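Below: run23.txt (compact mmCIF, C-alpha atoms)
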# COMPACT_ATOMS: atom_id res chain seq x y z
CA MET A 1 -84.30 62.31 -75.53
CA LYS A 2 -82.73 65.49 -76.90
CA GLY A 3 -84.38 64.91 -80.27
CA LEU A 4 -87.79 64.45 -78.61
CA LEU A 5 -87.42 67.68 -76.61
CA GLU A 6 -86.40 69.56 -79.76
CA LEU A 7 -89.40 68.13 -81.59
CA LEU A 8 -91.74 69.21 -78.79
CA HIS A 9 -90.16 72.69 -78.74
CA GLN A 10 -90.69 73.08 -82.48
CA SER A 11 -94.27 71.89 -82.10
CA MET A 12 -94.96 74.43 -79.35
CA VAL A 13 -93.57 77.24 -81.51
CA TYR A 14 -95.90 76.12 -84.29
CA ILE A 15 -98.86 76.03 -81.88
CA ARG A 16 -98.15 79.54 -80.57
CA THR A 17 -98.07 80.83 -84.14
CA ARG A 18 -101.37 79.14 -84.95
CA TRP A 19 -102.95 80.48 -81.78
CA LYS A 20 -101.96 84.06 -82.67
CA LEU A 21 -103.49 83.60 -86.11
CA ARG A 22 -106.59 82.02 -84.57
CA THR A 23 -107.25 84.99 -82.28
CA ALA A 24 -106.09 87.74 -84.64
CA TYR A 25 -109.50 87.95 -86.33
CA ARG A 26 -111.47 89.05 -83.27
CA VAL A 27 -114.90 89.32 -84.88
CA SER A 28 -114.78 85.73 -86.14
CA PHE A 29 -113.41 84.54 -82.83
CA LEU A 30 -116.19 86.26 -80.85
CA LEU A 31 -118.86 84.95 -83.22
CA ASP A 32 -117.52 81.43 -82.64
CA MET A 33 -117.88 81.95 -78.89
CA LEU A 34 -121.43 83.27 -79.32
CA ASP A 35 -122.32 80.28 -81.48
CA ILE A 36 -121.14 77.92 -78.72
CA PHE A 37 -123.20 79.77 -76.10
CA ILE A 38 -126.37 79.69 -78.23
CA GLY A 39 -125.88 75.97 -78.88
CA VAL A 40 -125.47 75.20 -75.17
CA VAL A 41 -128.55 77.24 -74.24
CA THR A 42 -130.57 75.47 -76.93
CA TYR A 43 -129.62 72.03 -75.65
CA PHE A 44 -130.16 73.18 -72.07
CA VAL A 45 -133.75 74.27 -72.82
CA LEU A 46 -134.42 71.16 -74.91
CA GLY A 47 -132.96 68.89 -72.25
CA ASN A 48 -134.96 70.41 -69.41
CA TRP A 49 -138.13 70.29 -71.51
CA LEU A 50 -137.63 66.60 -72.30
CA SER A 51 -136.43 65.61 -68.83
CA GLY A 52 -139.40 66.26 -66.61
CA PRO A 53 -139.27 63.13 -64.55
CA ALA A 54 -136.28 61.45 -66.15
CA SER A 55 -137.01 58.33 -68.10
CA GLU A 56 -135.67 55.02 -66.88
CA THR A 57 -133.16 55.01 -69.73
CA ILE A 58 -131.71 58.42 -68.84
CA LYS A 59 -131.43 57.33 -65.18
CA ILE A 60 -128.65 54.97 -66.25
CA TYR A 61 -126.56 58.11 -66.74
CA GLY A 62 -128.14 60.49 -64.22
CA GLU A 63 -131.36 62.35 -63.57
CA ASN A 64 -131.19 65.19 -66.07
CA TYR A 65 -131.32 65.01 -69.86
CA ALA A 66 -129.73 68.47 -70.24
CA SER A 67 -126.64 67.19 -68.38
CA PHE A 68 -126.65 64.12 -70.62
CA LEU A 69 -126.66 66.33 -73.74
CA ILE A 70 -123.98 68.75 -72.53
CA VAL A 71 -121.53 65.93 -71.72
CA GLY A 72 -122.26 64.51 -75.18
CA MET A 73 -121.54 67.90 -76.78
CA ILE A 74 -118.22 68.26 -74.96
CA VAL A 75 -116.96 64.75 -75.64
CA ASN A 76 -118.19 64.71 -79.23
CA GLN A 77 -116.05 67.80 -79.97
CA PHE A 78 -112.94 65.70 -79.27
CA PHE A 79 -114.24 62.51 -80.87
CA ARG A 80 -115.24 64.17 -84.13
CA ALA A 81 -111.90 65.97 -84.45
CA SER A 82 -109.89 62.88 -83.51
CA TYR A 83 -111.03 60.55 -86.25
CA GLU A 84 -110.35 63.14 -88.96
CA VAL A 85 -107.13 64.77 -87.75
CA PHE A 86 -104.47 62.55 -89.38
CA TYR A 87 -106.20 62.28 -92.75
CA TRP A 88 -106.57 66.04 -93.10
CA ALA A 89 -103.03 66.69 -91.85
CA LEU A 90 -101.67 64.27 -94.46
CA SER A 91 -103.91 65.69 -97.18
CA SER A 92 -102.88 69.26 -96.38
CA LYS A 93 -99.17 68.46 -96.55
CA TYR A 94 -99.61 66.45 -99.75
CA TRP A 95 -101.54 69.07 -101.72
CA SER A 96 -99.29 71.90 -100.53
CA ASN A 97 -96.17 70.06 -101.79
CA GLU A 98 -94.76 69.80 -98.27
CA LEU A 99 -94.97 66.07 -97.63
CA THR A 100 -91.76 65.03 -99.38
CA LEU A 101 -89.80 67.84 -97.76
CA LEU A 102 -91.25 66.88 -94.39
CA LEU A 103 -90.15 63.26 -94.79
CA LEU A 104 -86.63 64.38 -95.74
CA SER A 105 -86.32 66.89 -92.90
CA PRO A 106 -84.98 66.04 -89.42
CA ARG A 107 -88.47 66.64 -88.00
CA GLY A 108 -89.96 63.83 -90.07
CA ILE A 109 -93.53 62.59 -90.28
CA GLU A 110 -93.75 62.35 -86.47
CA ALA A 111 -93.65 66.16 -86.28
CA MET A 112 -96.65 66.40 -88.60
CA ILE A 113 -98.58 63.94 -86.43
CA ILE A 114 -97.74 65.66 -83.13
CA GLU A 115 -98.45 69.13 -84.46
CA ALA A 116 -101.75 68.07 -86.03
CA VAL A 117 -102.97 66.56 -82.77
CA LEU A 118 -101.79 69.42 -80.56
CA VAL A 119 -103.19 72.17 -82.76
CA THR A 120 -106.52 70.36 -83.13
CA TYR A 121 -106.89 69.79 -79.41
CA MET A 122 -105.86 73.34 -78.62
CA ASP A 123 -108.92 74.66 -80.47
CA ILE A 124 -111.22 71.90 -79.27
CA SER A 125 -110.16 72.30 -75.62
CA LEU A 126 -111.19 75.95 -75.72
CA TYR A 127 -114.60 75.09 -77.13
CA ALA A 128 -115.07 72.21 -74.67
CA PHE A 129 -114.16 74.45 -71.72
CA LEU A 130 -116.67 77.09 -72.86
CA ILE A 131 -119.41 74.47 -73.23
CA PHE A 132 -118.62 73.24 -69.71
CA LEU A 133 -118.58 76.80 -68.38
CA PHE A 134 -121.86 77.81 -70.00
CA GLY A 135 -123.60 74.50 -69.37
CA PHE A 136 -122.58 73.49 -65.86
CA VAL A 137 -121.46 76.78 -64.27
CA VAL A 138 -123.56 79.57 -65.85
CA LEU A 139 -126.75 77.57 -66.43
CA GLY A 140 -126.28 75.37 -63.38
CA THR A 141 -126.95 72.04 -65.06
CA PRO A 142 -126.44 69.34 -62.39
CA TYR A 143 -123.46 66.99 -62.26
CA SER A 144 -122.05 64.68 -59.59
CA PRO A 145 -119.79 66.23 -56.93
CA ASN A 146 -118.28 62.75 -56.48
CA ALA A 147 -116.82 62.53 -59.99
CA ASN A 148 -113.31 61.01 -59.87
CA PRO A 149 -110.96 63.25 -61.93
CA LEU A 150 -108.25 60.57 -62.29
CA LEU A 151 -110.76 58.01 -63.55
CA LEU A 152 -112.17 60.67 -65.88
CA ILE A 153 -108.69 61.31 -67.33
CA LEU A 154 -108.04 57.57 -67.73
CA VAL A 155 -111.27 56.89 -69.62
CA PHE A 156 -110.93 60.03 -71.73
CA THR A 157 -107.34 59.14 -72.67
CA LEU A 158 -108.25 55.57 -73.62
CA SER A 159 -111.16 56.85 -75.70
CA ILE A 160 -109.02 59.37 -77.56
CA VAL A 161 -106.20 56.87 -78.20
CA SER A 162 -108.65 54.36 -79.64
CA ILE A 163 -110.16 56.97 -81.98
CA LEU A 164 -106.77 58.40 -82.98
CA SER A 165 -105.77 54.87 -83.94
CA LEU A 166 -108.78 54.73 -86.26
CA SER A 167 -107.67 58.10 -87.61
CA LEU A 168 -104.27 56.61 -88.46
CA VAL A 169 -106.04 53.81 -90.37
CA SER A 170 -108.13 56.49 -92.08
CA ALA A 171 -105.02 58.45 -93.12
CA SER A 172 -103.50 55.27 -94.55
CA MET A 173 -106.35 55.08 -97.06
CA PHE A 174 -105.04 58.31 -98.63
CA PHE A 175 -102.40 56.25 -100.43
CA ILE A 176 -103.60 52.66 -100.09
CA LEU A 177 -106.99 53.35 -101.74
CA ASN A 178 -105.89 56.58 -103.44
CA ALA A 179 -108.62 58.40 -101.46
CA LYS A 180 -107.31 61.91 -102.00
CA GLN A 181 -110.52 63.89 -102.49
CA GLY A 182 -111.55 64.32 -98.87
CA LEU A 183 -113.66 61.17 -98.58
CA GLU A 184 -112.42 57.73 -97.56
CA PRO A 185 -114.32 54.73 -96.15
CA ILE A 186 -113.01 54.61 -92.57
CA SER A 187 -113.78 58.18 -91.47
CA TRP A 188 -116.98 58.14 -93.54
CA LEU A 189 -118.21 55.02 -91.76
CA VAL A 190 -117.21 56.28 -88.30
CA SER A 191 -118.71 59.75 -88.86
CA MET A 192 -121.94 58.19 -90.12
CA LEU A 193 -122.32 55.67 -87.29
CA THR A 194 -121.18 57.75 -84.32
CA PRO A 195 -124.06 60.30 -84.05
CA PHE A 196 -126.63 57.60 -84.74
CA LEU A 197 -125.31 54.73 -82.60
CA ALA A 198 -122.77 55.99 -80.03
CA GLY A 199 -125.23 57.88 -77.84
CA THR A 200 -124.24 61.48 -78.50
CA TYR A 201 -127.82 62.78 -78.29
CA TYR A 202 -129.72 59.84 -76.81
CA PRO A 203 -128.82 56.68 -74.88
CA PRO A 204 -127.85 53.72 -77.08
CA GLU A 205 -130.11 51.58 -74.87
CA ILE A 206 -133.19 52.95 -76.67
CA LEU A 207 -132.05 51.45 -79.99
CA PRO A 208 -133.34 48.10 -81.26
CA GLN A 209 -131.27 45.20 -79.95
CA PRO A 210 -129.40 44.47 -83.22
CA LEU A 211 -128.33 48.12 -83.47
CA GLN A 212 -127.28 48.13 -79.82
CA GLN A 213 -124.92 45.25 -80.54
CA VAL A 214 -123.34 47.28 -83.36
CA ALA A 215 -123.23 50.39 -81.17
CA TRP A 216 -121.26 48.68 -78.40
CA LEU A 217 -118.58 47.68 -80.91
CA LEU A 218 -117.68 51.37 -81.27
CA PRO A 219 -115.13 52.76 -78.78
CA GLN A 220 -117.07 56.04 -78.83
CA THR A 221 -120.07 54.30 -77.26
CA HIS A 222 -118.00 52.91 -74.38
CA GLY A 223 -116.19 56.22 -73.94
CA LEU A 224 -119.34 58.35 -73.87
CA ALA A 225 -121.22 55.98 -71.56
CA SER A 226 -118.34 55.74 -69.09
CA LEU A 227 -117.61 59.48 -69.06
CA ARG A 228 -121.28 60.25 -68.43
CA LYS A 229 -121.45 57.76 -65.58
CA ILE A 230 -118.36 59.32 -63.99
CA VAL A 231 -119.43 62.96 -64.43
CA LEU A 232 -123.17 62.64 -63.83
CA LYS A 233 -123.41 59.74 -61.37
CA GLY A 234 -119.98 59.66 -59.73
CA CYS A 235 -119.46 56.01 -60.69
CA GLY A 236 -116.22 54.32 -59.65
CA PHE A 237 -113.72 52.15 -61.51
CA TYR A 238 -115.42 48.80 -60.96
CA GLU A 239 -118.77 50.12 -62.18
CA ILE A 240 -117.30 50.89 -65.60
CA LEU A 241 -114.63 48.18 -65.65
CA GLN A 242 -116.06 46.39 -68.68
CA SER A 243 -115.92 49.53 -70.84
CA VAL A 244 -112.43 50.43 -69.59
CA ALA A 245 -111.18 46.94 -70.48
CA TYR A 246 -112.79 47.18 -73.93
CA LEU A 247 -111.23 50.59 -74.62
CA ALA A 248 -107.79 49.38 -73.50
CA ALA A 249 -107.97 46.25 -75.68
CA PHE A 250 -109.34 48.20 -78.66
CA SER A 251 -106.58 50.81 -78.31
CA ILE A 252 -103.79 48.20 -78.30
CA VAL A 253 -105.13 46.41 -81.39
CA ALA A 254 -106.02 49.61 -83.26
CA VAL A 255 -102.65 51.31 -82.55
CA CYS A 256 -100.77 48.30 -83.93
CA LEU A 257 -103.05 48.12 -86.97
CA GLY A 258 -102.85 51.87 -87.58
CA ARG A 259 -99.04 51.95 -87.41
CA LEU A 260 -98.78 48.95 -89.72
CA LEU A 261 -101.14 50.38 -92.33
CA PHE A 262 -99.63 53.87 -92.18
CA LYS A 263 -96.12 52.52 -92.76
CA ARG A 264 -97.44 50.38 -95.61
CA ALA A 265 -99.18 53.41 -97.12
CA LEU A 266 -95.98 55.49 -97.08
CA LYS A 267 -93.97 52.61 -98.60
CA LYS A 268 -96.57 52.22 -101.34
CA ALA A 269 -96.46 55.94 -102.10
CA LEU A 270 -92.65 55.96 -102.28
CA LYS A 271 -92.54 52.83 -104.42
CA GLU A 272 -95.12 54.16 -106.90
CA GLY A 273 -93.68 57.68 -106.99
CA ASP A 274 -96.86 59.09 -105.50
CA MET A 275 -95.21 60.95 -102.65
CA PRO A 276 -94.45 64.22 -104.49
CA HIS A 277 -97.43 66.16 -105.78
CA TRP A 278 -96.54 67.12 -109.31

Could you take the file, read its structure, and then write that structure out as structure tokens?
Amino acid sequence: MKGLLELLHQSMVYIRTRWKLRTAYRVSFLLDMLDIFIGVVTYFVLGNWLSGPASETIKIYGENYASFLIVGMIVNQFFRASYEVFYWALSSKYWSNELTLLLLSPRGIEAMIIEAVLVTYMDISLYAFLIFLFGFVVLGTPYSPNANPLLLILVFTLSIVSILSLSLVSASMFFILNAKQGLEPISWLVSMLTPFLAGTYYPPEILPQPLQQVAWLLPQTHGLASLRKIVLKGCGFYEILQSVAYLAAFSIVAVCLGRLLFKRALKKALKEGDMPHW
């Protein structure tokens, strides 16, 4: 317990340092905020223009296409960051000659994982909050007043865990497949399929049936659909039970697979002398 608290304390110190660096360059920071606002306004105008009387497909998730898009923008910020976070954390430590020292230090590889996730979500949470603020508060895009916050947290957590597990598999390819140049098959496949199939910008129900079957294999599809139904329609637990069960099962299997592959990747690197970057 003491070791865990010390690890969390060290991670928080690291996060505070990164946050100070992140906000030190005020012009860049303000331009980032402006970029978010312009993006939200663009989707708001596009969504309202396309909505008119909402199509039958959009009605599955609510009455307004702008609301549909804004939820997709918020959630996709977390999804996109989640399936890349471990690979890029590992790659950064490897190419900066820090990985071997990290493995030998008391903090260990767990510190790298925790810090990578916390720092990534710190930035993404700010962007997501601003999108919510501009989209739902400033522009007044409708959402359900009956949204269940606990159910929202449950579905969001299951979605993130399932995608982080894929990220762990992705990071394993750094050593298993020697994919050290920023491109490996797992994150490439997920990043290619998610915008097209998972329903970020349009409902997956409009896709041809064979593609819908592929789409519903992705945890992102279940996560996005469920979160939209909670936020925009106020749906309860039993109305999204099938997706919740799928996300829970996927998370259990993917976490076990990710841990197994990541341990195997580190053993392979140590055995072949690939851990230090010469």

Selected residue of minimal separation from Leu218 in chain A among A:Thr141, A:Gly62, A:Tyr246, A:Leu152, counting all atoms listed in the file: A:Tyr246

Best match for closeness to Ala89 in chain A among A:Val119, A:Leu139, A:Leu197, A:Ile163, counting only C-alpha atoms: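 Smallest separation from Ala89 in chain A among the options: A:Val119.
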
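Remark: for Phe136 in chain A, the closest of the candidate residues A:His222, A:Glu272, A:Met122, A:Leu69 is A:Leu69 (distances computed over only C-alpha atoms).
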
Closest pair table for range 197-268 of chain A residues within 6 Å of range 142-150 of chain A, all atoms listed in the file, as a tab-separated table:
residue	atom	partner	partner_atom	distance
A:Ile230	CA	A:Ala147	CA	5.4
A:Val231	CA	A:Ala147	CA	5.2
A:Leu232	CA	A:Tyr143	CA	4.6
A:Lys233	CA	A:Ser144	CA	5.4
A:Gly234	CA	A:Ala147	CA	4.3

Selected residue, from A:Val137, A:Glu205, A:Gln77, A:Trp95, that lies nearest to Ile124 in chain A when counting only C-alpha atoms: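 Going through A:Val137, A:Glu205, A:Gln77, A:Trp95 one by one, the smallest distance to Ile124 in chain A is for A:Gln77.
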
Exercise on range 143-151 of chain A, axis-aligned box with 8 Å per side, report centre and edge lengths in Å to one decimal, as lines of an AutoDock Vina configuration file:
center_x = -115.9
center_y = 62.5
center_z = -60.0
size_x = 31.2
size_y = 25.0
size_z = 23.1

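Of note, CA of Leu177 in chain A and CA of Leu261 in chain A are spaced 11.5 Å apart.
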
A:Ser172, A:Ser82, A:Thr57, A:Asn97 ranked by distance to Leu266 in chain A, top pick (using all atoms listed in the file):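 With all atoms listed in the file as the atom set, the closest residue is A:Ser172.
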
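For the set A:Val255, A:Leu260, A:Cys235, A:Ala269, the residue with the smallest atom-to-atom gap to Ile60 in chain A is A:Cys235, counting all atoms listed in the file.
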
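Rounded to one decimal, CA of Ala179 in chain A and CA of Val85 in chain A lie 15.2 Å from each other.
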
Near-range 185-195 of chain A list (9 Å; all atoms listed in the file; drop same-chain fewer than 4 positions) as number ranges by chain: A: 76, 80, 83-84, 87, 166-167, 169-171, 173, 179, 199-201, 215, 218, 220-221

Atomic separation - CA of Lys263 in chain A relative to CA of Trp216 in chain A, Å: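 Straight-line distance from CA of Trp216 in chain A to CA of Lys263 in chain A works out to 29.2 Å.
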